[in-house]
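Visitor: File work.cif follows (mmCIF, C-alpha atoms):
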```cif
data_query
#
loop_
_atom_site.label_atom_id
_atom_site.label_comp_id
_atom_site.auth_asym_id
_atom_site.auth_seq_id
_atom_site.Cartn_x
_atom_site.Cartn_y
_atom_site.Cartn_z
CA MET A 20 -141.47 -71.67 -29.64
CA ARG A 21 -138.72 -73.70 -28.86
CA GLU A 22 -136.95 -72.16 -31.55
CA LEU A 23 -138.04 -68.94 -30.25
CA PHE A 24 -136.94 -70.06 -26.97
CA PHE A 25 -133.84 -71.24 -28.34
CA PHE A 26 -133.67 -68.12 -30.23
CA ALA A 27 -134.54 -66.20 -27.15
CA VAL A 28 -132.12 -68.19 -25.14
CA GLY A 29 -129.64 -67.92 -27.92
CA ALA A 30 -130.42 -64.29 -28.31
CA SER A 31 -130.16 -63.85 -24.60
CA ILE A 32 -126.91 -65.64 -24.54
CA VAL A 33 -125.69 -63.77 -27.52
CA GLY A 34 -127.07 -60.61 -26.01
CA THR A 35 -125.49 -61.44 -22.77
CA ILE A 36 -122.30 -62.27 -24.45
CA PHE A 37 -122.62 -59.19 -26.46
CA PHE A 38 -123.52 -57.21 -23.38
CA VAL A 39 -120.78 -58.77 -21.49
CA SER A 40 -118.48 -58.24 -24.37
CA LEU A 41 -119.67 -54.73 -24.64
CA VAL A 42 -119.36 -54.23 -20.97
CA GLU A 43 -116.05 -55.87 -21.22
CA LEU A 44 -115.13 -53.67 -24.10
CA ILE A 45 -116.42 -50.63 -22.37
CA TYR A 46 -114.76 -51.74 -19.23
CA THR A 47 -111.62 -52.50 -21.13
CA ILE A 48 -111.82 -49.16 -22.89
CA ARG A 49 -112.66 -47.48 -19.67
CA ARG A 50 -109.96 -49.37 -17.86
CA ARG A 51 -107.56 -48.50 -20.60
CA LYS A 52 -108.53 -44.87 -20.24
CA VAL A 53 -108.31 -45.14 -16.50
CA ASN A 54 -105.10 -46.94 -16.90
CA GLU A 55 -103.93 -44.33 -19.28
CA GLY A 56 -105.14 -41.67 -16.92
CA LEU A 57 -103.61 -43.49 -14.10
CA ASN A 58 -100.49 -43.97 -16.10
CA GLU A 59 -100.46 -40.31 -16.98
CA ARG A 60 -101.21 -39.44 -13.44
CA LEU A 61 -98.55 -41.84 -12.40
CA LYS A 62 -96.23 -40.26 -14.92
CA GLU A 63 -97.17 -36.85 -13.63
CA ILE A 64 -96.77 -37.99 -10.09
CA ARG A 65 -93.56 -39.72 -11.06
CA ALA A 66 -92.47 -36.63 -12.93
CA SER A 67 -93.53 -34.47 -10.08
CA TYR A 68 -91.89 -36.84 -7.65
CA THR A 69 -88.85 -36.96 -9.84
CA ASP A 70 -88.80 -33.18 -10.06
CA ASN A 71 -89.36 -32.85 -6.41
CA ALA A 72 -86.85 -35.53 -5.76
CA ARG A 73 -84.45 -33.83 -8.15
CA LYS A 74 -85.15 -30.50 -6.52
CA LEU A 75 -84.75 -32.01 -3.16
CA TYR A 76 -81.67 -33.79 -4.37
CA THR A 77 -80.39 -30.55 -5.81
CA GLU A 78 -81.25 -28.68 -2.66
CA GLU A 79 -79.80 -31.38 -0.56
CA GLU A 80 -76.82 -31.55 -2.82
CA THR A 81 -76.47 -27.77 -2.54
CA LYS A 82 -76.87 -28.02 1.17
CA LEU A 83 -74.45 -30.89 1.17
CA HIS A 84 -72.09 -28.96 -0.99
CA SER A 85 -72.49 -25.96 1.24
CA ALA A 86 -72.01 -28.16 4.22
CA GLU A 87 -69.03 -29.73 2.53
CA GLU A 88 -67.67 -26.28 1.81
CA LYS A 89 -68.31 -25.31 5.38
CA VAL A 90 -66.68 -28.49 6.54
CA THR A 91 -63.83 -27.90 4.11
CA GLY A 92 -63.60 -24.28 5.26
CA ALA A 93 -63.75 -25.36 8.84
CA SER A 94 -61.20 -28.00 8.13
CA GLU A 95 -58.93 -25.44 6.46
CA GLU A 96 -59.55 -23.08 9.34
CA ILE A 97 -58.73 -25.85 11.74
CA ALA A 98 -55.69 -26.71 9.68
CA LYS A 99 -54.68 -23.06 9.70
CA GLU A 100 -55.31 -22.80 13.39
CA LYS A 101 -53.41 -25.99 13.85
CA GLN A 102 -50.63 -24.63 11.69
CA LEU A 103 -50.62 -21.39 13.69
CA VAL A 104 -50.57 -23.26 16.94
CA VAL A 105 -47.86 -25.55 15.64
CA GLU A 106 -45.88 -22.57 14.35
CA GLU A 107 -46.38 -20.72 17.59
CA TYR A 108 -45.19 -23.70 19.55
CA GLU A 109 -42.36 -24.33 17.18
CA GLU A 110 -41.39 -20.69 17.47
CA LYS A 111 -41.60 -20.92 21.23
CA ILE A 112 -39.59 -24.11 21.16
CA ASP A 113 -37.08 -22.48 18.79
CA LYS A 114 -36.87 -19.49 21.08
CA LEU A 115 -36.44 -21.71 24.06
CA GLU A 116 -33.85 -23.73 22.23
CA GLU A 117 -32.18 -20.53 21.06
CA SER A 118 -32.22 -19.02 24.52
CA SER A 119 -30.97 -22.25 26.01
CA GLU A 120 -28.29 -22.41 23.30
CA LYS A 121 -27.44 -18.80 24.01
CA ALA A 122 -27.30 -19.45 27.70
CA LEU A 123 -25.14 -22.47 27.01
CA ALA A 124 -22.92 -20.47 24.67
CA THR A 125 -22.68 -17.65 27.22
CA ALA A 126 -21.82 -20.11 29.94
CA LYS A 127 -19.24 -21.72 27.69
CA ALA A 128 -17.81 -18.31 26.74
CA LYS A 129 -17.69 -17.31 30.41
CA ALA A 130 -16.00 -20.54 31.30
CA LYS A 131 -13.53 -20.08 28.45
CA LYS A 132 -12.89 -16.48 29.46
CA LEU A 133 -12.32 -17.51 33.05
CA GLU A 134 -9.99 -20.25 31.88
CA GLU A 135 -8.12 -17.83 29.62
CA GLU A 136 -7.92 -15.23 32.39
CA ALA A 137 -6.61 -17.80 34.78
CA LYS A 138 -4.11 -18.95 32.18
CA LEU A 139 -3.13 -15.36 31.45
CA ARG A 140 -2.71 -14.59 35.13
CA ALA A 141 -0.65 -17.68 35.57
CA GLU A 142 1.48 -16.73 32.56
CA GLU A 143 1.78 -13.15 33.79
CA TYR A 144 2.82 -14.36 37.21
CA LEU A 145 5.27 -16.78 35.67
CA ASN A 146 6.65 -14.10 33.35
CA ALA A 147 6.89 -11.61 36.21
CA ARG A 148 8.75 -14.12 38.33
CA LYS A 149 10.92 -15.05 35.37
CA LYS A 150 11.59 -11.38 34.69
CA GLU A 151 12.41 -10.80 38.35
CA VAL A 152 14.83 -13.71 38.33
CA GLU A 153 16.38 -12.48 35.07
CA GLN A 154 16.54 -8.94 36.48
CA GLU A 155 18.19 -10.19 39.64
CA LEU A 156 20.61 -12.20 37.57
CA MET A 157 21.37 -9.17 35.42
CA ASP A 158 21.79 -6.95 38.50
CA LEU A 159 24.19 -9.52 39.86
CA VAL A 160 26.10 -9.61 36.56
CA ILE A 161 26.23 -5.80 36.46
CA ALA A 162 27.26 -5.56 40.12
CA VAL A 163 30.00 -8.13 39.63
CA SER A 164 31.12 -6.42 36.42
CA LYS A 165 31.23 -3.07 38.19
CA LYS A 166 33.41 -4.55 40.92
CA VAL A 167 35.62 -6.65 38.71
CA LEU A 168 36.05 -4.40 35.67
CA PRO A 169 37.77 -1.39 37.35
CA GLU A 170 40.34 -3.76 38.84
CA GLY A 171 40.75 -5.47 35.51
CA ILE A 172 41.42 -2.29 33.53
CA THR A 173 44.93 -0.86 33.74
CA TYR A 174 45.80 2.83 33.78
CA ASP A 175 46.84 2.62 30.14
CA GLY A 176 43.58 0.85 29.36
CA HIS A 177 41.64 3.74 30.90
CA LYS A 178 43.75 6.24 28.98
CA GLU A 179 43.21 4.41 25.72
CA LEU A 180 39.43 4.39 26.24
CA VAL A 181 39.39 8.17 26.94
CA ILE A 182 41.57 8.93 23.94
CA LYS A 183 39.29 6.85 21.75
CA ALA A 184 36.28 8.84 23.06
CA LEU A 185 38.08 12.14 22.35
CA ASP A 186 39.02 11.01 18.86
CA ASP A 187 35.37 10.28 18.10
CA ILE A 188 34.31 13.89 18.84
CA LYS A 189 35.26 15.32 15.47
CA ALA A 190 33.38 12.69 13.56
CA GLU A 191 30.25 12.88 15.68
CA ALA A 192 30.06 16.62 16.44
CA PRO A 193 31.53 18.61 13.59
CA ASN A 194 29.38 21.69 14.32
CA ALA A 195 29.14 21.51 18.09
CA MET B 155 61.90 42.12 26.30
CA THR B 156 60.07 39.20 24.67
CA THR B 157 57.74 39.83 21.76
CA PRO B 158 54.00 39.59 22.37
CA VAL B 159 53.75 36.47 20.17
CA THR B 160 56.43 34.61 22.13
CA PHE B 161 54.97 35.80 25.41
CA ILE B 162 51.43 34.73 24.53
CA SER B 163 52.28 31.41 22.86
CA GLY B 164 54.57 30.58 25.78
CA ILE B 165 51.68 30.97 28.23
CA LEU B 166 48.96 29.34 26.15
CA ALA B 167 51.17 26.33 25.45
CA GLN B 168 51.03 25.54 29.15
CA ILE B 169 47.26 25.90 29.47
CA TYR B 170 45.45 22.60 29.05
CA THR B 171 42.79 22.61 31.76
CA ALA B 172 39.72 24.79 32.22
CA ARG B 173 40.91 25.58 35.74
CA GLN B 174 44.18 27.00 34.36
CA LEU B 175 42.23 28.99 31.77
CA ASP B 176 39.87 30.41 34.41
CA LEU B 177 42.81 31.46 36.57
CA LEU B 178 44.47 33.05 33.55
CA HIS B 179 41.33 35.06 32.74
CA LEU B 180 40.98 36.11 36.36
CA SER B 181 44.62 37.14 36.56
CA ILE B 182 44.43 39.13 33.31
CA ILE B 183 41.30 40.94 34.53
CA ASN B 184 42.94 41.77 37.86
CA LEU B 185 46.09 43.07 36.18
CA LEU B 186 44.10 45.09 33.64
CA ASP B 187 42.11 46.60 36.54
CA MET B 188 45.35 47.59 38.25
CA ILE B 189 46.61 49.10 35.00
CA LYS B 190 43.32 50.91 34.45
CA ASP B 191 43.50 52.36 37.95
CA GLY B 192 47.08 53.47 37.24
CA GLU B 193 48.38 51.66 40.29
CA ILE B 194 51.43 50.18 38.56
CA ASP B 195 52.51 53.26 36.62
CA LEU B 196 52.04 55.36 39.75
CA VAL B 197 54.76 53.39 41.49
CA LEU B 198 57.02 52.73 38.52
CA GLU B 199 57.07 56.36 37.42
CA GLN B 200 58.06 57.62 40.85
CA THR B 201 61.58 58.94 40.62
CA LYS B 202 62.03 58.75 44.33
CA LYS B 203 61.66 54.93 44.25
CA THR B 204 64.79 52.94 43.70
CA ALA B 205 65.00 50.16 41.12
CA LYS B 206 65.11 47.67 43.94
CA GLU B 207 61.90 49.06 45.43
CA LYS B 208 60.23 49.05 42.04
CA LYS B 209 61.31 45.42 41.51
CA ALA B 210 59.98 44.50 44.93
CA PHE B 211 56.64 46.11 44.03
CA ILE B 212 56.49 44.22 40.75
CA GLN B 213 57.43 41.01 42.54
CA LYS B 214 54.50 41.56 44.85
CA ILE B 215 52.23 41.98 41.85
CA ILE B 216 53.62 38.80 40.25
CA ASP B 217 53.15 36.91 43.49
CA SER B 218 49.54 38.01 43.62
CA VAL B 219 48.84 36.65 40.14
CA ASP B 220 46.70 33.54 40.50
CA SER B 221 47.70 31.99 37.20
CA PRO B 222 51.09 30.24 37.64
CA GLU B 223 51.54 30.25 33.85
CA LEU B 224 51.13 34.03 33.61
CA ALA B 225 53.26 34.54 36.70
CA GLY B 226 55.85 32.24 35.19
CA ALA B 227 55.90 34.33 32.03
CA LEU B 228 56.17 37.63 33.91
CA GLN B 229 58.90 36.48 36.27
CA PRO B 230 61.69 36.26 33.61
CA GLU B 231 60.93 39.83 32.53
CA LEU B 232 61.42 41.00 36.10
CA ASP B 233 64.48 38.83 36.51
CA SER B 234 66.03 40.46 33.43
CA ASN B 235 65.38 43.89 35.00
CA ALA B 236 62.95 44.82 32.22
CA VAL B 237 60.88 47.03 34.55
CA ASP B 238 59.54 49.01 31.57
CA PHE B 239 57.74 45.86 30.46
CA PHE B 240 55.35 46.41 33.37
CA LEU B 241 54.41 49.94 32.36
CA GLU B 242 50.85 50.40 31.16
CA LYS B 243 51.83 51.11 27.55
CA HIS B 244 53.57 47.71 27.27
CA LEU B 245 51.86 45.37 29.68
CA LYS B 246 48.34 46.37 28.68
CA GLU B 247 49.01 45.48 25.04
CA TYR B 248 50.43 42.08 26.02
CA LEU B 249 47.56 41.33 28.36
CA VAL B 250 44.83 42.44 25.93
CA GLN B 251 46.29 40.26 23.20
CA LEU B 252 46.68 37.38 25.63
CA GLN B 253 43.07 37.78 26.74
CA ARG B 254 41.89 37.81 23.12
CA GLU B 255 43.81 34.61 22.34
CA ALA B 256 42.67 32.94 25.56
CA GLU B 257 39.07 33.66 24.66
CA LYS B 258 39.57 31.65 21.47
CA MET B 259 40.29 28.54 23.47
CA VAL B 260 37.46 26.06 23.66
CA SER B 261 36.56 24.11 26.74
CA VAL B 262 35.63 20.44 26.60
CA LYS B 263 34.14 18.90 29.70
CA LEU B 264 35.62 15.47 30.30
CA THR B 265 34.37 13.16 33.02
CA THR B 266 36.58 10.15 33.59
CA ALA B 267 36.52 7.14 35.87
CA ILE B 268 40.01 7.70 37.25
CA GLU B 269 42.31 10.66 37.81
CA PHE B 270 44.94 10.93 35.07
CA LYS B 271 48.51 12.10 35.43
CA THR B 272 49.23 15.69 34.42
CA LYS B 273 51.31 14.67 31.42
CA ASP B 274 48.49 12.46 30.18
CA VAL B 275 45.89 15.23 30.60
CA LYS B 276 48.19 17.55 28.66
CA GLU B 277 48.56 14.91 25.95
CA MET B 278 44.78 14.51 25.77
CA ALA B 279 44.27 18.29 25.47
CA GLU B 280 46.92 18.52 22.75
CA ARG B 281 45.36 15.61 20.91
CA LEU B 282 41.93 17.25 21.16
CA SER B 283 43.32 20.63 20.00
CA HIS B 284 44.74 18.86 16.99
CA THR B 285 41.45 16.99 16.33
CA LEU B 286 39.24 20.07 16.65
CA GLY B 287 41.71 22.43 14.98
CA LYS B 288 41.35 24.90 17.89
CA PRO B 289 43.29 25.38 21.12
CA THR B 290 41.40 23.29 23.61
CA VAL B 291 41.32 22.96 27.37
CA LEU B 292 39.83 20.14 29.39
CA ASN B 293 37.37 20.65 32.21
CA LEU B 294 38.13 17.50 34.17
CA THR B 295 35.87 15.70 36.59
CA VAL B 296 36.38 12.28 38.13
CA ASP B 297 33.42 9.98 38.59
CA HIS B 298 34.42 6.49 39.72
CA SER B 299 30.94 5.15 38.96
CA LEU B 300 31.74 5.34 35.23
CA ILE B 301 33.96 2.22 35.72
CA ALA B 302 35.98 3.15 32.63
CA GLY B 303 35.79 5.37 29.55
CA ALA B 304 34.57 8.97 29.62
CA ILE B 305 31.69 11.40 29.16
CA VAL B 306 32.56 14.14 26.70
CA GLN B 307 30.65 17.42 26.56
CA TYR B 308 31.61 19.90 23.87
CA GLY B 309 29.20 22.78 23.32
CA ASN B 310 25.80 21.26 22.60
CA TYR B 311 27.37 17.91 21.93
CA ILE B 312 27.44 15.39 24.74
CA THR B 313 28.25 11.76 24.47
CA ASP B 314 28.79 9.01 26.93
CA TYR B 315 31.59 6.56 26.23
CA SER B 316 31.60 5.16 29.73
CA LEU B 317 31.53 1.47 30.52
CA LYS B 318 28.72 2.16 32.99
CA VAL B 319 26.47 3.29 30.16
CA ARG B 320 27.56 0.37 28.01
CA LEU B 321 26.57 -1.98 30.84
CA GLU B 322 23.24 -0.15 31.25
CA GLN B 323 22.67 -0.48 27.52
CA PHE B 324 23.49 -4.14 27.80
CA ARG B 325 21.02 -4.43 30.68
CA ASN B 326 18.33 -2.60 28.65
CA HIS B 327 18.91 -4.85 25.66
CA TRP B 328 18.63 -7.81 27.99
CA GLU B 329 15.33 -6.48 29.36
CA GLU B 330 14.00 -5.71 25.89
CA ALA B 331 14.92 -9.20 24.77
CA ALA B 332 13.22 -10.65 27.86
CA ILE B 333 10.04 -8.62 27.16
CA ALA B 334 10.06 -9.57 23.49
CA LYS B 335 10.53 -13.19 24.46
CA SER B 336 7.48 -13.10 26.86
#
```
In structure tokens, how does this file's structure come out?
Guide:
Amino acid sequence: MRELFFFAVGASIVGTIFFVSLVELIYTIRRRKVNEGLNERLKEIRASYTDNARKLYTEEETKLHSAEEKVTGASEEIAKEKQLVVEEYEEKIDKLEESSEKALATAKAKAKKLEEEAKLRAEEYLNARKKEVEQELMDLVIAVSKKVLPEGITYDGHKELVIKALDDIKAEAPNA
Amino acid sequence: MTTPVTFISGILAQIYTARQLDLLHLSIINLLDMIKDGEIDLVLEQTKKTAKEKKAFIQKIIDSVDSPELAGALQPELDSNAVDFFLEKHLKEYLVQLQREAEKMVSVKLTTAIEFKTKDVKEMAERLSHTLGKPTVLNLTVDHSLIAGAIVQYGNYITDYSLKVRLEQFRNHWEEAAIAKS
């Protein structure tokens, strides 16, 4: 009996161990399967997540790229606008500078012209006065000559001058 | 009776001014008119008239001649009692020839500053006749403003040799120089 007992106990123990082992095995197998399933599922989920993430990443990247493009475009636009504004202002400034330079040049030219005119008038006046003085001097010389010369020329001197004039006729007027 | 050549050259030799030449032309025309009208022959051919009366008539004619040179040439003919000389057939020929020769004389207008003596004017005319190769008379004018020298006008030719013009030229040159200088 005892032996049976022992046997029974032993069998029970062995059975239990076996059962436990079996359960353990089954459980292990099952767990492995579950694990595998879970792993697969995890892989799927991971793959799906990765895909989704990649898609999202791609989408986001596209969006980002698009946004970047937009930003770049906007930036270029802004740069262009800025350039236009700068050019416009520069042009305006140039025009202003030009007009101010022109105005300055015109003012300078006017001033120079006025100066030249004044100088010319002064010279003209001076020349006119000079001419008048010279004319008066010449008139005086002529008047004195007219008074002095007739008294200074003798009768024979007069005669000689007339004869010289008459002698020149033939040479100067051969066909008169 | 003198020959026409002597008669004409004798008169023309004394003509040296335009005034004398004008008077000569006038006198010739007057005498030729009298001859044409037959006034002289009418008296000279009258047999009733004495030689003295005829000479007195001719003397009147000579006295009425404006040109002293022509009158001076006619007077010796009368003085030598050559009354026939004054008949139309003789006198007309002399006068026509004289007129023709007088027309050949050229007139030169001479303006001088002083009045010259007659002998000097004659010398000037002779000198000019020699220079031009033609008998020449001077049409004299005095203009004291010329100072000295003369203005000579001969046909289309006129030239001013006066001191007045020389002074004016000097003045003009002075003015031109003054303008050029300014």
Visitor: Restrict the distance test to all atoms listed in the file, flag each residue of chain A within 12 Å of chain B, and return the flagged residues as a PyMOL selection string.
Guide: chain A and resi 139+142-195
Visitor: Keeping only C-alpha atoms, write the selected residues to a file as a CSV table (one decimal), in the coordinates of the input.
Guide:
```csv
chain,number,residue,atom,x,y,z
A,139,LEU,CA,-3.1,-15.4,31.4
A,142,GLU,CA,1.5,-16.7,32.6
A,143,GLU,CA,1.8,-13.2,33.8
A,144,TYR,CA,2.8,-14.4,37.2
A,145,LEU,CA,5.3,-16.8,35.7
A,146,ASN,CA,6.6,-14.1,33.4
A,147,ALA,CA,6.9,-11.6,36.2
A,148,ARG,CA,8.8,-14.1,38.3
A,149,LYS,CA,10.9,-15.0,35.4
A,150,LYS,CA,11.6,-11.4,34.7
A,151,GLU,CA,12.4,-10.8,38.4
A,152,VAL,CA,14.8,-13.7,38.3
A,153,GLU,CA,16.4,-12.5,35.1
A,154,GLN,CA,16.5,-8.9,36.5
A,155,GLU,CA,18.2,-10.2,39.6
A,156,LEU,CA,20.6,-12.2,37.6
A,157,MET,CA,21.4,-9.2,35.4
A,158,ASP,CA,21.8,-7.0,38.5
A,159,LEU,CA,24.2,-9.5,39.9
A,160,VAL,CA,26.1,-9.6,36.6
A,161,ILE,CA,26.2,-5.8,36.5
A,162,ALA,CA,27.3,-5.6,40.1
A,163,VAL,CA,30.0,-8.1,39.6
A,164,SER,CA,31.1,-6.4,36.4
A,165,LYS,CA,31.2,-3.1,38.2
A,166,LYS,CA,33.4,-4.6,40.9
A,167,VAL,CA,35.6,-6.6,38.7
A,168,LEU,CA,36.0,-4.4,35.7
A,169,PRO,CA,37.8,-1.4,37.4
A,170,GLU,CA,40.3,-3.8,38.8
A,171,GLY,CA,40.8,-5.5,35.5
A,172,ILE,CA,41.4,-2.3,33.5
A,173,THR,CA,44.9,-0.9,33.7
A,174,TYR,CA,45.8,2.8,33.8
A,175,ASP,CA,46.8,2.6,30.1
A,176,GLY,CA,43.6,0.8,29.4
A,177,HIS,CA,41.6,3.7,30.9
A,178,LYS,CA,43.8,6.2,29.0
A,179,GLU,CA,43.2,4.4,25.7
A,180,LEU,CA,39.4,4.4,26.2
A,181,VAL,CA,39.4,8.2,26.9
A,182,ILE,CA,41.6,8.9,23.9
A,183,LYS,CA,39.3,6.8,21.8
A,184,ALA,CA,36.3,8.8,23.1
A,185,LEU,CA,38.1,12.1,22.4
A,186,ASP,CA,39.0,11.0,18.9
A,187,ASP,CA,35.4,10.3,18.1
A,188,ILE,CA,34.3,13.9,18.8
A,189,LYS,CA,35.3,15.3,15.5
A,190,ALA,CA,33.4,12.7,13.6
A,191,GLU,CA,30.2,12.9,15.7
A,192,ALA,CA,30.1,16.6,16.4
A,193,PRO,CA,31.5,18.6,13.6
A,194,ASN,CA,29.4,21.7,14.3
A,195,ALA,CA,29.1,21.5,18.1
```
Visitor: As a check of understanding, name the residues that the PyMOL selection byres ((chain B and resi 246) around 12) selects in the supplied structure, as a VMD selection string.
Guide: chain B and resid 158 182 to 190 192 194 to 195 238 to 245 247 to 253
Visitor: Run the PyMOL selection byres ((chain B and resi 232) around 12) mentally over the shown coordinates, then write out the matched residues as a ChimeraX atom specification, using the chain letters and numbers from the document.
Guide: /B:155-156,205-206,208-217,225-231,233-241
Visitor: Find the residues around Arg173 (chain B) up to 10 Å (only C-alpha atoms counted), leave out those fewer than 2 positions away in its own chain, and share them as a PyMOL selection string.
Guide: chain B and resi 169-171+175-179+221+291-294
Visitor: Provide the CA of Lys131 (chain A) to CA of Leu115 (chain A) distance in Å, to one decimal place.
Guide: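 That distance, rounded to one decimal, is 23.4 Å.
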Visitor: What does the structure give for the distance between CA of Val104 (chain A) and CA of Leu123 (chain A), in Å to one decimal?
Guide: 27.4 Å
Visitor: Kindly give the distance, in Å, that separates CA of Thr290 (chain B) and CA of Asp220 (chain B), rounded to a single decimal.
Guide: 20.5 Å
Visitor: Report as JSON the centre and the edge lengths, in Å to one decimal, of the axis-aligned box holding every listed atom of region 66-82 of chain A, padded by 8 Å on each side.
Guide:
```
{"center_x": -85.0, "center_y": -32.4, "center_z": -5.9, "size_x": 33.1, "size_y": 25.2, "size_z": 30.1}
```
Visitor: With distances taken over only C-alpha atoms, which residue among B:Gly164, B:Ala331, B:Met259, B:Thr201 lies nearest Leu224 (chain B)?
Guide: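 Looking only at the distances to Leu224 (chain B), the closest residue turns out to be B:Gly164.
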Visitor: Kindly reconstruct region 43-60 of chain A with N, CA and C atoms and present the result as a compact mmCIF listing (two decimals), in the coordinates of the input.
Guide:
```txt
# COMPACT_ATOMS: atom_id res chain seq x y z
N GLU A 43 -117.51 -55.61 -21.30
CA GLU A 43 -116.05 -55.87 -21.22
C GLU A 43 -115.27 -54.88 -22.04
N LEU A 44 -115.79 -54.62 -23.22
CA LEU A 44 -115.13 -53.67 -24.10
C LEU A 44 -115.08 -52.28 -23.48
N ILE A 45 -116.36 -51.96 -23.03
CA ILE A 45 -116.42 -50.63 -22.37
C ILE A 45 -115.47 -50.59 -21.18
N TYR A 46 -115.61 -51.70 -20.42
CA TYR A 46 -114.76 -51.74 -19.23
C TYR A 46 -113.30 -51.69 -19.61
N THR A 47 -113.02 -52.46 -20.68
CA THR A 47 -111.62 -52.50 -21.13
C THR A 47 -111.18 -51.12 -21.57
N ILE A 48 -112.16 -50.53 -22.42
CA ILE A 48 -111.82 -49.16 -22.89
C ILE A 48 -111.66 -48.20 -21.71
N ARG A 49 -112.68 -48.38 -20.86
CA ARG A 49 -112.66 -47.48 -19.67
C ARG A 49 -111.40 -47.72 -18.84
N ARG A 50 -111.14 -49.02 -18.66
CA ARG A 50 -109.96 -49.37 -17.86
C ARG A 50 -108.68 -48.86 -18.51
N ARG A 51 -108.74 -48.99 -19.89
CA ARG A 51 -107.56 -48.50 -20.60
C ARG A 51 -107.38 -47.00 -20.36
N LYS A 52 -108.58 -46.31 -20.48
CA LYS A 52 -108.53 -44.87 -20.24
C LYS A 52 -108.06 -44.56 -18.83
N VAL A 53 -108.70 -45.36 -17.91
CA VAL A 53 -108.31 -45.14 -16.50
C VAL A 53 -106.82 -45.44 -16.32
N ASN A 54 -106.52 -46.57 -16.99
CA ASN A 54 -105.10 -46.94 -16.90
C ASN A 54 -104.19 -45.85 -17.47
N GLU A 55 -104.72 -45.40 -18.65
CA GLU A 55 -103.93 -44.33 -19.28
C GLU A 55 -103.85 -43.10 -18.37
N GLY A 56 -105.10 -42.82 -17.87
CA GLY A 56 -105.14 -41.67 -16.92
C GLY A 56 -104.24 -41.91 -15.72
N LEU A 57 -104.44 -43.17 -15.27
CA LEU A 57 -103.61 -43.49 -14.10
C LEU A 57 -102.10 -43.44 -14.43
N ASN A 58 -101.91 -44.01 -15.66
CA ASN A 58 -100.49 -43.97 -16.10
C ASN A 58 -99.96 -42.53 -16.21
N GLU A 59 -100.87 -41.72 -16.86
CA GLU A 59 -100.46 -40.31 -16.98
C GLU A 59 -100.24 -39.66 -15.62
N ARG A 60 -101.31 -40.00 -14.81
CA ARG A 60 -101.21 -39.44 -13.44
C ARG A 60 -99.95 -39.95 -12.75
```
